[in-house]
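Colleague: One file: data-v4.cif (mmCIF, C-alpha atoms).
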data_target
loop_
_atom_site.label_atom_id
_atom_site.label_comp_id
_atom_site.auth_asym_id
_atom_site.auth_seq_id
_atom_site.Cartn_x
_atom_site.Cartn_y
_atom_site.Cartn_z
CA MET L 15 14.52 -13.67 15.83
CA LYS L 16 15.03 -10.00 15.19
CA ILE L 17 12.88 -10.13 12.09
CA VAL L 18 10.03 -11.90 13.85
CA ALA L 19 10.03 -9.26 16.57
CA ALA L 20 9.93 -6.49 13.98
CA LYS L 21 7.02 -8.18 12.21
CA LYS L 22 5.13 -8.51 15.48
CA ILE L 23 5.62 -4.84 16.26
CA LEU L 24 4.47 -3.83 12.78
CA LYS L 25 1.44 -6.13 12.99
CA ALA L 26 0.43 -4.66 16.33
CA ASN L 27 0.93 -1.19 14.87
CA ASP L 28 -1.24 -2.00 11.85
CA GLN L 29 -4.09 -3.16 14.09
CA LEU L 30 -3.89 -0.07 16.25
CA ALA L 31 -3.67 2.14 13.14
CA GLU L 32 -6.86 0.56 11.81
CA GLU L 33 -8.60 1.32 15.12
CA ASN L 34 -7.38 4.92 14.91
CA ARG L 35 -8.69 5.21 11.35
CA GLN L 36 -12.12 3.80 12.26
CA LYS L 37 -12.47 6.25 15.18
CA LEU L 38 -11.40 9.17 12.99
CA THR L 39 -13.77 8.18 10.18
CA ALA L 40 -16.67 7.64 12.58
CA ALA L 41 -16.09 11.10 14.05
CA GLY L 42 -15.88 12.71 10.60
CA VAL L 43 -12.24 13.70 11.03
CA PHE L 44 -10.10 13.51 7.89
CA CYS L 45 -6.53 12.66 8.85
CA VAL L 46 -3.31 13.30 6.93
CA ASN L 47 0.18 12.04 7.79
CA VAL L 48 2.75 14.63 6.68
CA VAL L 49 6.24 13.18 6.24
CA GLY L 50 9.58 14.47 4.99
CA SER L 51 13.21 15.12 5.86
CA PRO L 52 14.24 17.37 8.73
CA GLY L 53 13.94 20.91 7.41
CA ALA L 54 11.85 20.01 4.36
CA GLY L 55 9.43 22.74 5.43
CA LYS L 56 6.59 20.67 6.85
CA THR L 57 5.56 23.17 9.55
CA THR L 58 5.78 26.12 7.18
CA LEU L 59 3.60 24.20 4.71
CA LEU L 60 0.97 23.61 7.42
CA GLU L 61 1.02 27.31 8.31
CA ALA L 62 0.50 28.24 4.66
CA LEU L 63 -2.28 25.67 4.17
CA PHE L 64 -4.17 27.00 7.21
CA ALA L 65 -3.87 30.52 5.83
CA ALA L 66 -5.17 29.38 2.41
CA LEU L 67 -8.05 27.40 3.91
CA ASP L 68 -8.95 30.60 5.76
CA GLY L 69 -11.24 29.03 8.35
CA ARG L 70 -13.04 26.80 5.83
CA LEU L 71 -12.24 23.62 7.77
CA ARG L 72 -11.74 23.15 11.50
CA PRO L 73 -8.15 21.88 11.63
CA ALA L 74 -6.01 20.40 14.41
CA VAL L 75 -2.40 19.25 14.45
CA ILE L 76 -0.39 16.52 16.13
CA GLU L 77 3.30 17.45 16.13
CA GLY L 78 5.88 14.66 16.35
CA ASP L 79 9.38 15.58 17.44
CA ILE L 80 12.29 13.86 19.12
CA ALA L 81 12.54 16.73 21.58
CA GLY L 82 11.10 20.16 22.27
CA SER L 83 7.96 21.91 21.09
CA ILE L 84 9.28 24.45 18.58
CA ASP L 85 6.82 23.44 15.84
CA ALA L 86 3.83 23.08 18.17
CA GLU L 87 4.40 26.62 19.43
CA ARG L 88 4.29 27.89 15.84
CA ILE L 89 0.97 26.11 15.20
CA GLU L 90 -0.49 27.30 18.51
CA LYS L 91 0.14 30.90 17.47
CA LEU L 92 -2.33 30.37 14.63
CA GLY L 93 -5.05 29.43 17.10
CA VAL L 94 -5.09 25.84 15.80
CA PRO L 95 -5.47 23.10 18.45
CA VAL L 96 -2.16 21.20 18.69
CA VAL L 97 -0.80 18.26 20.65
CA GLN L 98 2.95 17.76 20.85
CA ILE L 99 4.33 14.22 20.96
CA ASN L 100 7.93 13.96 22.15
CA THR L 101 9.22 10.61 20.94
CA GLN L 102 12.23 10.81 23.28
CA GLY L 103 14.61 9.51 20.68
CA ALA L 104 12.29 7.40 18.55
CA CYS L 105 12.69 8.11 14.86
CA HIS L 106 9.04 8.02 13.81
CA LEU L 107 5.53 8.27 15.17
CA ASP L 108 3.52 5.09 15.58
CA ALA L 109 -0.18 4.34 15.92
CA SER L 110 -0.05 3.99 19.71
CA MET L 111 1.38 7.52 20.05
CA ILE L 112 -1.46 8.88 17.92
CA ALA L 113 -4.03 7.01 20.03
CA ALA L 114 -2.52 8.59 23.16
CA ALA L 115 -2.36 12.09 21.64
CA ALA L 116 -5.98 11.79 20.42
CA GLU L 117 -7.13 11.72 24.03
CA ASP L 118 -6.19 15.41 24.21
CA LEU L 119 -8.20 16.31 21.10
CA ASP L 120 -11.95 16.86 20.77
CA TYR L 121 -12.78 15.06 17.51
CA SER L 122 -16.26 16.59 17.45
CA ALA L 123 -14.64 20.01 16.95
CA ILE L 124 -12.26 18.91 14.17
CA ASP L 125 -12.68 18.32 10.41
CA LEU L 126 -9.04 17.92 9.41
CA LEU L 127 -6.27 16.42 11.55
CA LEU L 128 -2.78 16.96 10.20
CA ILE L 129 -0.07 14.84 11.78
CA GLU L 130 3.44 16.22 11.29
CA ASN L 131 5.72 13.22 11.60
CA VAL L 132 9.32 13.23 12.84
CA GLY L 133 11.70 14.51 10.16
CA ASN L 134 12.81 11.23 8.61
CA LEU L 135 12.61 9.87 5.05
CA VAL L 136 13.15 6.27 6.12
CA CYS L 137 11.55 5.09 9.33
CA THR L 138 8.28 6.96 8.96
CA ALA L 139 7.54 4.90 5.81
CA GLY L 140 6.88 1.68 7.73
CA PHE L 141 4.33 2.94 10.24
CA ASP L 142 0.67 3.45 9.39
CA LEU L 143 -0.75 5.93 11.91
CA GLY L 144 -4.38 5.44 10.93
CA GLU L 145 -4.37 8.37 8.50
CA HIS L 146 -6.54 8.61 5.38
CA LEU L 147 -3.80 10.17 3.25
CA ARG L 148 -0.05 10.59 3.37
CA ILE L 149 1.73 13.63 1.96
CA ILE L 150 5.46 13.56 1.31
CA VAL L 151 7.14 16.97 1.53
CA LEU L 152 10.41 17.44 -0.36
CA SER L 153 12.30 20.72 -0.64
CA THR L 154 14.08 21.76 -3.83
CA THR L 155 17.28 22.21 -1.82
CA GLU L 156 17.35 18.52 -0.84
CA GLY L 157 18.05 17.45 -4.40
CA ASP L 158 16.05 15.73 -7.13
CA ASP L 159 17.51 12.26 -6.42
CA LYS L 160 15.57 11.66 -3.20
CA ALA L 161 12.78 9.50 -4.62
CA ALA L 162 15.38 7.24 -6.24
CA LYS L 163 17.32 7.00 -2.97
CA TYR L 164 14.39 6.69 -0.53
CA PRO L 165 11.72 4.99 -2.66
CA ALA L 166 9.49 3.51 0.07
CA ILE L 167 8.30 6.81 1.53
CA PHE L 168 7.43 8.18 -1.92
CA GLN L 169 5.77 4.93 -3.03
CA GLY L 170 3.18 4.96 -0.26
CA SER L 171 2.29 8.64 -0.48
CA HIS L 172 -0.83 10.17 -2.06
CA ALA L 173 0.74 13.53 -2.85
CA LEU L 174 4.18 15.02 -3.27
CA VAL L 175 4.56 18.65 -2.23
CA ILE L 176 7.77 20.17 -3.55
CA THR L 177 8.60 23.07 -1.21
CA LYS L 178 11.03 26.02 -1.38
CA ALA L 179 10.23 26.55 -5.07
CA ASP L 180 11.50 30.13 -4.62
CA LEU L 181 15.01 28.65 -4.24
CA LEU L 182 14.80 26.71 -7.54
CA PRO L 183 16.89 29.29 -9.47
CA HIS L 184 19.70 28.81 -6.93
CA THR L 185 19.76 24.99 -7.04
CA ASN L 186 20.44 22.25 -9.57
CA PHE L 187 17.05 20.64 -8.76
CA ASP L 188 15.40 19.16 -11.85
CA THR L 189 11.63 19.01 -11.33
CA ARG L 190 11.27 16.65 -14.32
CA ARG L 191 13.57 14.10 -12.68
CA ILE L 192 11.61 13.93 -9.41
CA ALA L 193 8.29 13.98 -11.33
CA ALA L 194 9.43 11.01 -13.44
CA ASP L 195 10.54 9.06 -10.34
CA MET L 196 7.28 9.87 -8.56
CA LYS L 197 5.22 8.77 -11.58
CA ARG L 198 7.04 5.43 -11.53
CA LEU L 199 6.73 4.94 -7.74
CA ALA L 200 3.23 6.36 -7.17
CA PRO L 201 1.41 6.78 -10.51
CA LYS L 202 -1.80 8.09 -8.91
CA ALA L 203 -0.19 10.65 -6.62
CA GLU L 204 -0.68 14.38 -7.13
CA THR L 205 2.33 16.68 -7.28
CA PHE L 206 2.29 20.29 -6.09
CA GLN L 207 5.09 22.83 -6.22
CA VAL L 208 4.97 25.58 -3.62
CA ALA L 209 6.90 28.35 -1.92
CA ALA L 210 5.14 28.27 1.42
CA LEU L 211 6.79 31.42 2.78
CA THR L 212 5.41 33.52 -0.10
CA GLY L 213 2.23 31.47 -0.58
CA GLU L 214 3.08 30.66 -4.21
CA GLY L 215 1.33 27.47 -5.37
CA ILE L 216 -0.37 26.91 -2.01
CA ALA L 217 -3.96 27.46 -3.25
CA PRO L 218 -4.11 24.34 -5.49
CA ALA L 219 -2.68 22.17 -2.70
CA ALA L 220 -5.20 23.57 -0.20
CA GLU L 221 -8.06 23.05 -2.66
CA TRP L 222 -7.02 19.45 -3.27
CA LEU L 223 -6.87 18.81 0.48
CA ALA L 224 -10.28 20.42 1.05
CA ALA L 225 -11.77 18.34 -1.79
CA LYS L 226 -10.33 15.11 -0.36
CA CYS L 227 -11.69 16.06 3.05
CA ALA L 228 -15.16 16.80 1.58
CA ALA L 229 -15.20 13.57 -0.47
CA SER L 230 -14.37 11.60 2.64
CA ALA L 231 -17.26 13.25 4.55
CA THR L 232 -19.67 12.36 1.69
CA ASP L 233 -18.52 8.71 1.78
CA ASP L 234 -19.71 8.27 5.34
CA MET H 22 11.34 -7.26 26.28
CA LYS H 23 11.69 -4.77 23.44
CA ILE H 24 14.02 -2.60 25.49
CA VAL H 25 16.25 -5.51 26.42
CA ALA H 26 16.48 -6.59 22.80
CA ALA H 27 17.41 -3.07 21.73
CA LYS H 28 20.12 -2.92 24.40
CA LYS H 29 21.52 -6.26 23.28
CA ILE H 30 21.67 -5.12 19.67
CA LEU H 31 23.40 -1.90 20.67
CA LYS H 32 25.87 -3.75 22.90
CA ALA H 33 26.74 -6.18 20.10
CA ASN H 34 27.14 -3.20 17.78
CA ASP H 35 29.46 -1.43 20.22
CA GLN H 36 31.71 -4.49 20.47
CA LEU H 37 31.90 -4.86 16.71
CA ALA H 38 32.51 -1.12 16.32
CA GLU H 39 35.43 -1.36 18.73
CA GLU H 40 36.88 -4.21 16.65
CA ASN H 41 36.46 -2.11 13.49
CA ARG H 42 38.24 0.82 15.18
CA GLN H 43 41.14 -1.34 16.35
CA LYS H 44 41.65 -2.77 12.86
CA LEU H 45 41.49 0.69 11.29
CA THR H 46 43.91 2.16 13.83
CA ALA H 47 46.33 -0.76 13.47
CA ALA H 48 46.30 -0.29 9.68
CA GLY H 49 46.87 3.47 9.99
CA VAL H 50 43.48 4.30 8.48
CA PHE H 51 41.73 7.36 9.94
CA CYS H 52 37.97 6.88 9.75
CA VAL H 53 35.22 9.50 9.75
CA ASN H 54 31.47 8.90 9.97
CA VAL H 55 29.64 11.59 7.98
CA VAL H 56 26.00 12.01 9.03
CA GLY H 57 23.19 14.39 8.13
CA SER H 58 19.66 14.69 6.70
CA PRO H 59 18.80 13.48 3.22
CA GLY H 60 20.00 16.20 0.86
CA ALA H 61 22.22 17.99 3.39
CA GLY H 62 25.00 17.83 0.82
CA LYS H 63 27.16 15.05 2.22
CA THR H 64 28.35 13.67 -1.13
CA THR H 65 29.02 17.13 -2.53
CA LEU H 66 31.05 17.91 0.63
CA LEU H 67 33.14 14.75 0.11
CA GLU H 68 33.75 15.72 -3.52
CA ALA H 69 34.89 19.20 -2.44
CA LEU H 70 37.12 17.85 0.36
CA PHE H 71 38.86 15.46 -2.06
CA ALA H 72 39.47 18.36 -4.45
CA ALA H 73 40.89 20.49 -1.61
CA LEU H 74 43.11 17.68 -0.30
CA ASP H 75 44.42 17.39 -3.88
CA GLY H 76 46.03 13.97 -3.52
CA ARG H 77 47.62 14.70 -0.12
CA LEU H 78 45.93 11.71 1.57
CA ARG H 79 44.89 8.42 0.05
CA PRO H 80 41.12 8.43 0.63
CA ALA H 81 38.40 5.80 0.28
CA VAL H 82 34.66 5.98 0.81
CA ILE H 83 31.93 3.69 2.07
CA GLU H 84 28.54 4.88 0.81
CA GLY H 85 25.45 3.92 2.79
CA ASP H 86 22.10 4.15 1.03
CA ILE H 87 18.71 2.51 1.32
CA ALA H 88 18.76 1.76 -2.40
CA GLY H 89 20.80 2.44 -5.51
CA SER H 90 24.35 3.64 -6.06
CA ILE H 91 23.91 7.26 -7.15
CA ASP H 92 26.41 8.63 -4.62
CA ALA H 93 28.96 5.85 -5.10
CA GLU H 94 28.99 6.52 -8.85
CA ARG H 95 29.79 10.18 -8.15
CA ILE H 96 32.71 9.22 -5.89
CA GLU H 97 33.99 6.62 -8.38
CA LYS H 98 34.25 9.32 -11.05
CA LEU H 99 36.90 11.02 -8.88
CA GLY H 100 39.05 7.88 -8.94
CA VAL H 101 38.48 7.33 -5.21
CA PRO H 102 37.95 3.69 -4.12
CA VAL H 103 34.33 3.30 -3.01
CA VAL H 104 32.15 0.52 -1.61
CA GLN H 105 28.37 0.89 -1.74
CA ILE H 106 26.29 -0.56 1.09
CA ASN H 107 22.60 -0.98 0.28
CA THR H 108 20.79 -1.22 3.59
CA GLN H 109 17.62 -2.52 1.88
CA GLY H 110 15.37 -0.39 4.01
CA ALA H 111 17.44 -0.02 7.18
CA CYS H 112 17.63 3.58 8.34
CA HIS H 113 21.30 3.69 9.39
CA LEU H 114 24.60 1.90 8.91
CA ASP H 115 25.83 -0.35 11.70
CA ALA H 116 29.23 -1.76 12.63
CA SER H 117 28.57 -5.17 11.04
CA MET H 118 27.86 -3.52 7.67
CA ILE H 119 31.17 -1.64 7.89
CA ALA H 120 33.02 -4.85 8.77
CA ALA H 121 31.51 -6.50 5.68
CA ALA H 122 32.27 -3.52 3.41
CA ALA H 123 35.85 -3.36 4.71
CA GLU H 124 36.53 -6.75 3.12
CA ASP H 125 36.38 -5.00 -0.24
CA LEU H 126 38.88 -2.30 0.76
CA ASP H 127 42.68 -2.54 0.90
CA TYR H 128 43.49 -0.74 4.17
CA SER H 129 47.23 -0.69 3.31
CA ALA H 130 46.41 1.66 0.41
CA ILE H 131 44.20 4.04 2.44
CA ASP H 132 44.94 6.90 4.87
CA LEU H 133 41.44 8.32 5.24
CA LEU H 134 38.19 6.35 5.14
CA LEU H 135 35.06 8.49 4.91
CA ILE H 136 31.79 6.71 5.62
CA GLU H 137 28.74 8.51 4.24
CA ASN H 138 25.87 7.31 6.40
CA VAL H 139 22.21 7.00 5.33
CA GLY H 140 20.51 10.40 5.28
CA ASN H 141 18.92 10.44 8.73
CA LEU H 142 19.26 12.83 11.67
CA VAL H 143 17.87 10.35 14.19
CA CYS H 144 18.77 6.69 13.83
CA THR H 145 22.40 7.20 12.80
CA ALA H 146 23.07 8.81 16.21
CA GLY H 147 22.82 5.53 18.11
CA PHE H 148 25.25 3.42 16.09
CA ASP H 149 29.00 3.61 16.52
CA LEU H 150 30.60 2.31 13.31
CA GLY H 151 34.14 2.19 14.66
CA GLU H 152 35.02 5.63 13.33
CA HIS H 153 37.54 7.99 14.95
CA LEU H 154 35.49 11.11 14.33
CA ARG H 155 31.91 11.98 13.45
CA ILE H 156 31.00 14.97 11.31
CA ILE H 157 27.43 16.27 11.22
CA VAL H 158 26.48 18.03 7.98
CA LEU H 159 23.63 20.55 8.11
CA SER H 160 22.52 22.70 5.20
CA THR H 161 21.40 26.30 5.66
CA THR H 162 18.14 25.45 3.89
CA GLU H 163 17.18 22.91 6.57
CA GLY H 164 16.72 25.63 9.18
CA ASP H 165 18.64 26.75 12.25
CA ASP H 166 16.42 24.83 14.70
CA LYS H 167 17.77 21.37 13.85
CA ALA H 168 20.21 21.01 16.77
CA ALA H 169 17.41 21.90 19.19
CA LYS H 170 15.09 19.37 17.55
CA TYR H 171 17.57 16.52 16.95
CA PRO H 172 20.07 17.01 19.81
CA ALA H 173 21.60 13.50 19.99
CA ILE H 174 23.25 13.54 16.59
CA PHE H 175 24.80 16.97 17.22
CA GLN H 176 25.87 16.06 20.76
CA GLY H 177 28.05 13.14 19.69
CA SER H 178 29.71 14.88 16.74
CA HIS H 179 33.24 16.31 16.57
CA ALA H 180 32.51 18.87 13.90
CA LEU H 181 29.54 20.64 12.39
CA VAL H 182 29.79 21.52 8.72
CA ILE H 183 27.15 24.02 7.65
CA THR H 184 26.66 23.53 3.91
CA LYS H 185 24.95 25.56 1.16
CA ALA H 186 26.29 28.81 2.62
CA ASP H 187 25.74 30.35 -0.83
CA LEU H 188 21.98 30.06 -0.18
CA LEU H 189 22.18 31.97 3.15
CA PRO H 190 20.92 35.25 1.62
CA HIS H 191 17.78 33.43 0.43
CA THR H 192 16.95 31.77 3.78
CA ASN H 193 16.03 32.81 7.32
CA PHE H 194 18.88 30.66 8.70
CA ASP H 195 20.55 32.28 11.71
CA THR H 196 24.12 30.98 12.05
CA ARG H 197 24.33 32.38 15.59
CA ARG H 198 21.38 30.25 16.70
CA ILE H 199 22.85 26.96 15.46
CA ALA H 200 26.30 27.93 16.80
CA ALA H 201 24.84 28.60 20.25
CA ASP H 202 22.99 25.27 20.26
CA MET H 203 26.10 23.43 19.08
CA LYS H 204 28.24 25.09 21.77
CA ARG H 205 25.77 23.86 24.39
CA LEU H 206 25.52 20.32 22.98
CA ALA H 207 29.14 19.77 21.91
CA PRO H 208 31.41 22.46 23.40
CA LYS H 209 34.61 21.03 21.86
CA ALA H 210 33.28 20.58 18.35
CA GLU H 211 34.59 22.66 15.45
CA THR H 212 32.16 24.48 13.18
CA PHE H 213 32.80 25.12 9.48
CA GLN H 214 30.63 26.99 7.01
CA VAL H 215 30.99 26.01 3.40
CA ALA H 216 29.51 26.24 -0.07
CA ALA H 217 30.79 22.95 -1.43
CA LEU H 218 29.67 23.59 -5.03
CA THR H 219 31.80 26.76 -5.24
CA GLY H 220 34.54 25.57 -2.85
CA GLU H 221 33.95 28.49 -0.47
CA GLY H 222 35.13 27.64 3.06
CA ILE H 223 36.26 24.13 2.11
CA ALA H 224 40.01 24.71 2.67
CA PRO H 225 39.79 25.16 6.50
CA ALA H 226 37.62 22.05 6.81
CA ALA H 227 40.03 20.02 4.67
CA GLU H 228 43.03 21.31 6.70
CA TRP H 229 41.32 20.37 9.96
CA LEU H 230 40.59 16.88 8.64
CA ALA H 231 44.18 16.43 7.40
CA ALA H 232 45.53 17.60 10.77
CA LYS H 233 43.28 15.16 12.66
CA CYS H 234 44.40 12.39 10.33
CA ALA H 235 48.09 13.27 10.84
CA ALA H 236 47.71 13.55 14.63
CA SER H 237 46.11 10.12 14.70
CA ALA H 238 49.03 8.64 12.71
CA THR H 239 51.53 10.19 15.17
CA ASP H 240 49.66 8.67 18.12
CA ASP H 241 50.27 5.14 16.91
#
Can the structure from this file be put into structure tokens for me?
Modeller:
Amino acid sequence: MKIVAAKKILKANDQLAEENRQKLTAAGVFCVNVVGSPGAGKTTLLEALFAALDGRLRPAVIEGDIAGSIDAERIEKLGVPVVQINTQGACHLDASMIAAAAEDLDYSAIDLLLIENVGNLVCTAGFDLGEHLRIIVLSTTEGDDKAAKYPAIFQGSHALVITKADLLPHTNFDTRRIAADMKRLAPKAETFQVAALTGEGIAPAAEWLAAKCAASATDD
Amino acid sequence: MKIVAAKKILKANDQLAEENRQKLTAAGVFCVNVVGSPGAGKTTLLEALFAALDGRLRPAVIEGDIAGSIDAERIEKLGVPVVQINTQGACHLDASMIAAAAEDLDYSAIDLLLIENVGNLVCTAGFDLGEHLRIIVLSTTEGDDKAAKYPAIFQGSHALVITKADLLPHTNFDTRRIAADMKRLAPKAETFQVAALTGEGIAPAAEWLAAKCAASATDD
């Protein structure tokens, strides 16, 4: 019984996600689902990417949080349009939340929509939001065993961004270990290593994102 | 419909958790539910606490992970009895999993049962496992805004252990901010600041845990 219900919910979510994706694609908006643990540095990464893109794309953000609007306020300071979703306890965003949040965004004024998911390495893995790409953000201070312990979220991601690289000398994080696990779980995924607060390594990640966004626009 | 189902599941869990707690209490086993983000340092904290307790209590561990047995293998190396629960995708432990795992533990040979929950700041908050205490583990590298963003898990906890204190000089973590949020959410909770890898600050946390364990034994 429980399993059937869960399947039904996921099926309904998949349909709604597909509708989201079609609307986004039709409007020429490239959409990225950014996932990772609480405190992985997702918001700081977005801030650094916007700085690196330097006005090249017209970005917008949907912020997903259990409570509050701390991250949305940070994005708003950059002059980037942002919609805050408060999940009120729910552990992940779903496609219906994105459809609702999209009503407050003007797709004709956006090239790149970044969705910052709730900090969660587990539940976010099961819910397609209608994005074109998913980026998994992992900080060096979380440990190099995370792909082995939470494989699903890594498996379905198109890029791994290793954050807080400036703290590498102070941790026992082995980049080769996570790279090997990622290669096994998602052979085609790109891996970037950044220190978002200093900007180190951000340029290649921003270039990759801009290229993906441009390629998507050409496909249409 | 969905809401009713969720309530039913939670009610069933609460009943089973109460049964777990009664069995633990009757057997003189003090049980602690250790929660926190992926990579907060929960396993390293357990290792440091066992070293600090230095054989004073007879501990055992239940390890909850989505996949694998990386953490359980670390605990086993210390000679501490350990049972690994693989949730196979589920984002939190529940009381039925603990009841099943308990069948592989000899309660008469245990004083302190530490349950390391799945790394998750959200879903673990809603599920009583039958523990006597809950400890929330937060690393300095996760950021000082986590209690504001994930209030439920902090609210229901009896102690906050701030880990990776050795990395404080390299972060923008403000201990006063998290302490203020914790005081608002859980006024009676204790706060400890530790660097588990070096042992810094572990002794007071271990003493507190031993005292709670002893007080519980006296109550019976």
Colleague: Would you kindly report the residues of chain L within 8 Å of chain H, using all atoms listed in the file, as a PyMOL selection string?
Modeller: chain L and resi 51-55+79-82+84+103-105+133-137+155-157+160+162-165+181+184
Colleague: Taking 2 positions as the minimum chain separation for residues in the same chain, which residues sit within 7 Å of range 214-230 of chain L when counting all atoms listed in the file? Answer as a PDB file with C-alpha atoms, keeping the file's coordinate frame.
Modeller:
ATOM      1  CA  PHE L  44     -10.100  13.510   7.890  1.00  0.00           C
ATOM      2  CA  ALA L  62       0.500  28.240   4.660  1.00  0.00           C
ATOM      3  CA  LEU L  63      -2.280  25.670   4.170  1.00  0.00           C
ATOM      4  CA  ALA L  66      -5.170  29.380   2.410  1.00  0.00           C
ATOM      5  CA  LEU L  67      -8.050  27.400   3.910  1.00  0.00           C
ATOM      6  CA  PHE L 206       2.290  20.290  -6.090  1.00  0.00           C
ATOM      7  CA  GLN L 207       5.090  22.830  -6.220  1.00  0.00           C
ATOM      8  CA  VAL L 208       4.970  25.580  -3.620  1.00  0.00           C
ATOM      9  CA  ALA L 209       6.900  28.350  -1.920  1.00  0.00           C
ATOM     10  CA  ALA L 210       5.140  28.270   1.420  1.00  0.00           C
ATOM     11  CA  THR L 212       5.410  33.520  -0.100  1.00  0.00           C
ATOM     12  CA  THR L 232     -19.670  12.360   1.690  1.00  0.00           C
ATOM     13  CA  ASP L 233     -18.520   8.710   1.780  1.00  0.00           C
ATOM     14  CA  ASP L 234     -19.710   8.270   5.340  1.00  0.00           C
TER      15      ASP L 234
END
Colleague: Can you pull out the residues contacting Ile156 in chain H? Cut-off 9 Å, using all atoms listed in the file, and skip same-chain residues under 5 positions away; I want them as a PyMOL selection string.
Modeller: chain H and resi 53-57+175+178-182
Colleague: Between L:Gln29, L:Ile124, L:Gln169, L:Asn186, which has the minimum distance to Lys202 in chain L (counting only C-alpha atoms)?
Modeller: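 Looking only at the distances to Lys202 in chain L, the closest residue turns out to be L:Gln169.
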Colleague: Return as JSON the centre and edge lengths, in Å with one decimal, of the box along x, y and z that encloses every atom of range 131-148 of chain H in the file, padded by 3 Å per side.
Modeller:
{"center_x": 31.4, "center_y": 8.1, "center_z": 10.3, "size_x": 33.1, "size_y": 15.4, "size_z": 21.7}
Colleague: Evaluate the PyMOL selection byres ((chain H and resi 118) around 12) and record the selected residues as a ChimeraX atom specification, following the chain and residue labels used in the document.
Modeller: /H:34,37-38,41,83-86,104-109,111,113-117,119-125,136,138,148-151
Colleague: If you measure from CA of Leu218 in chain H to CA of Thr177 in chain L, what distance in Å do you get, rounded to one decimal?
Modeller: 21.4 Å
Colleague: So what do you get for CA of Met203 in chain H versus CA of Glu152 in chain H, distance-wise?
Modeller: 20.7 Å
Colleague: Any idea what's packed within 10 Å of Ala130 in chain H, counting all atoms listed in the file, ignoring anything in its chain fewer than 5 positions away? Could you give it as an MDAnalysis selection string?
Modeller: chainID H and resid 48:50 79:81 102
Colleague: Please compute the CA of Leu78 in chain H-CA of Asp132 in chain H distance, one decimal, in Å.
Modeller: 5.9 Å
Colleague: Quick test: take range 38-51 of chain H, keep N, CA and C atoms, and write it as a PDB file, in the first residue's frame.
Modeller:
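The result, stored in part22.pdb:
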ATOM      1  N   ALA H  38       8.262   3.172  18.783  1.00  0.00           N
ATOM      2  CA  ALA H  38       9.365   3.851  19.465  1.00  0.00           C
ATOM      3  C   ALA H  38       9.201   3.737  20.978  1.00  0.00           C
ATOM      4  N   GLU H  39       7.972   3.884  21.446  1.00  0.00           N
ATOM      5  CA  GLU H  39       7.708   3.781  22.886  1.00  0.00           C
ATOM      6  C   GLU H  39       8.024   2.374  23.380  1.00  0.00           C
ATOM      7  N   GLU H  40       7.681   1.372  22.576  1.00  0.00           N
ATOM      8  CA  GLU H  40       8.026  -0.022  22.931  1.00  0.00           C
ATOM      9  C   GLU H  40       9.544  -0.212  22.985  1.00  0.00           C
ATOM     10  N   ASN H  41      10.238   0.347  21.978  1.00  0.00           N
ATOM     11  CA  ASN H  41      11.712   0.284  21.982  1.00  0.00           C
ATOM     12  C   ASN H  41      12.265   0.881  23.276  1.00  0.00           C
ATOM     13  N   ARG H  42      11.736   2.074  23.628  1.00  0.00           N
ATOM     14  CA  ARG H  42      12.246   2.804  24.803  1.00  0.00           C
ATOM     15  C   ARG H  42      12.018   2.003  26.083  1.00  0.00           C
ATOM     16  N   GLN H  43      10.830   1.392  26.182  1.00  0.00           N
ATOM     17  CA  GLN H  43      10.530   0.608  27.388  1.00  0.00           C
ATOM     18  C   GLN H  43      11.470  -0.589  27.511  1.00  0.00           C
ATOM     19  N   LYS H  44      11.730  -1.248  26.388  1.00  0.00           N
ATOM     20  CA  LYS H  44      12.652  -2.401  26.418  1.00  0.00           C
ATOM     21  C   LYS H  44      14.064  -1.976  26.807  1.00  0.00           C
ATOM     22  N   LEU H  45      14.503  -0.847  26.218  1.00  0.00           N
ATOM     23  CA  LEU H  45      15.843  -0.330  26.517  1.00  0.00           C
ATOM     24  C   LEU H  45      15.954   0.025  27.992  1.00  0.00           C
ATOM     25  N   THR H  46      14.946   0.759  28.494  1.00  0.00           N
ATOM     26  CA  THR H  46      14.961   1.201  29.886  1.00  0.00           C
ATOM     27  C   THR H  46      14.951   0.002  30.824  1.00  0.00           C
ATOM     28  N   ALA H  47      14.095  -0.975  30.522  1.00  0.00           N
ATOM     29  CA  ALA H  47      13.991  -2.175  31.366  1.00  0.00           C
ATOM     30  C   ALA H  47      15.322  -2.926  31.410  1.00  0.00           C
ATOM     31  N   ALA H  48      16.056  -2.888  30.287  1.00  0.00           N
ATOM     32  CA  ALA H  48      17.332  -3.614  30.221  1.00  0.00           C
ATOM     33  C   ALA H  48      18.494  -2.778  30.745  1.00  0.00           C
ATOM     34  N   GLY H  49      18.203  -1.518  31.153  1.00  0.00           N
ATOM     35  CA  GLY H  49      19.272  -0.662  31.660  1.00  0.00           C
ATOM     36  C   GLY H  49      20.189  -0.141  30.576  1.00  0.00           C
ATOM     37  N   VAL H  50      19.662  -0.037  29.348  1.00  0.00           N
ATOM     38  CA  VAL H  50      20.457   0.488  28.231  1.00  0.00           C
ATOM     39  C   VAL H  50      20.036   1.935  27.970  1.00  0.00           C
ATOM     40  N   PHE H  51      20.976   2.857  28.048  1.00  0.00           N
ATOM     41  CA  PHE H  51      20.707   4.268  27.758  1.00  0.00           C
ATOM     42  C   PHE H  51      20.956   4.480  26.271  1.00  0.00           C
TER      43      PHE H  51
END
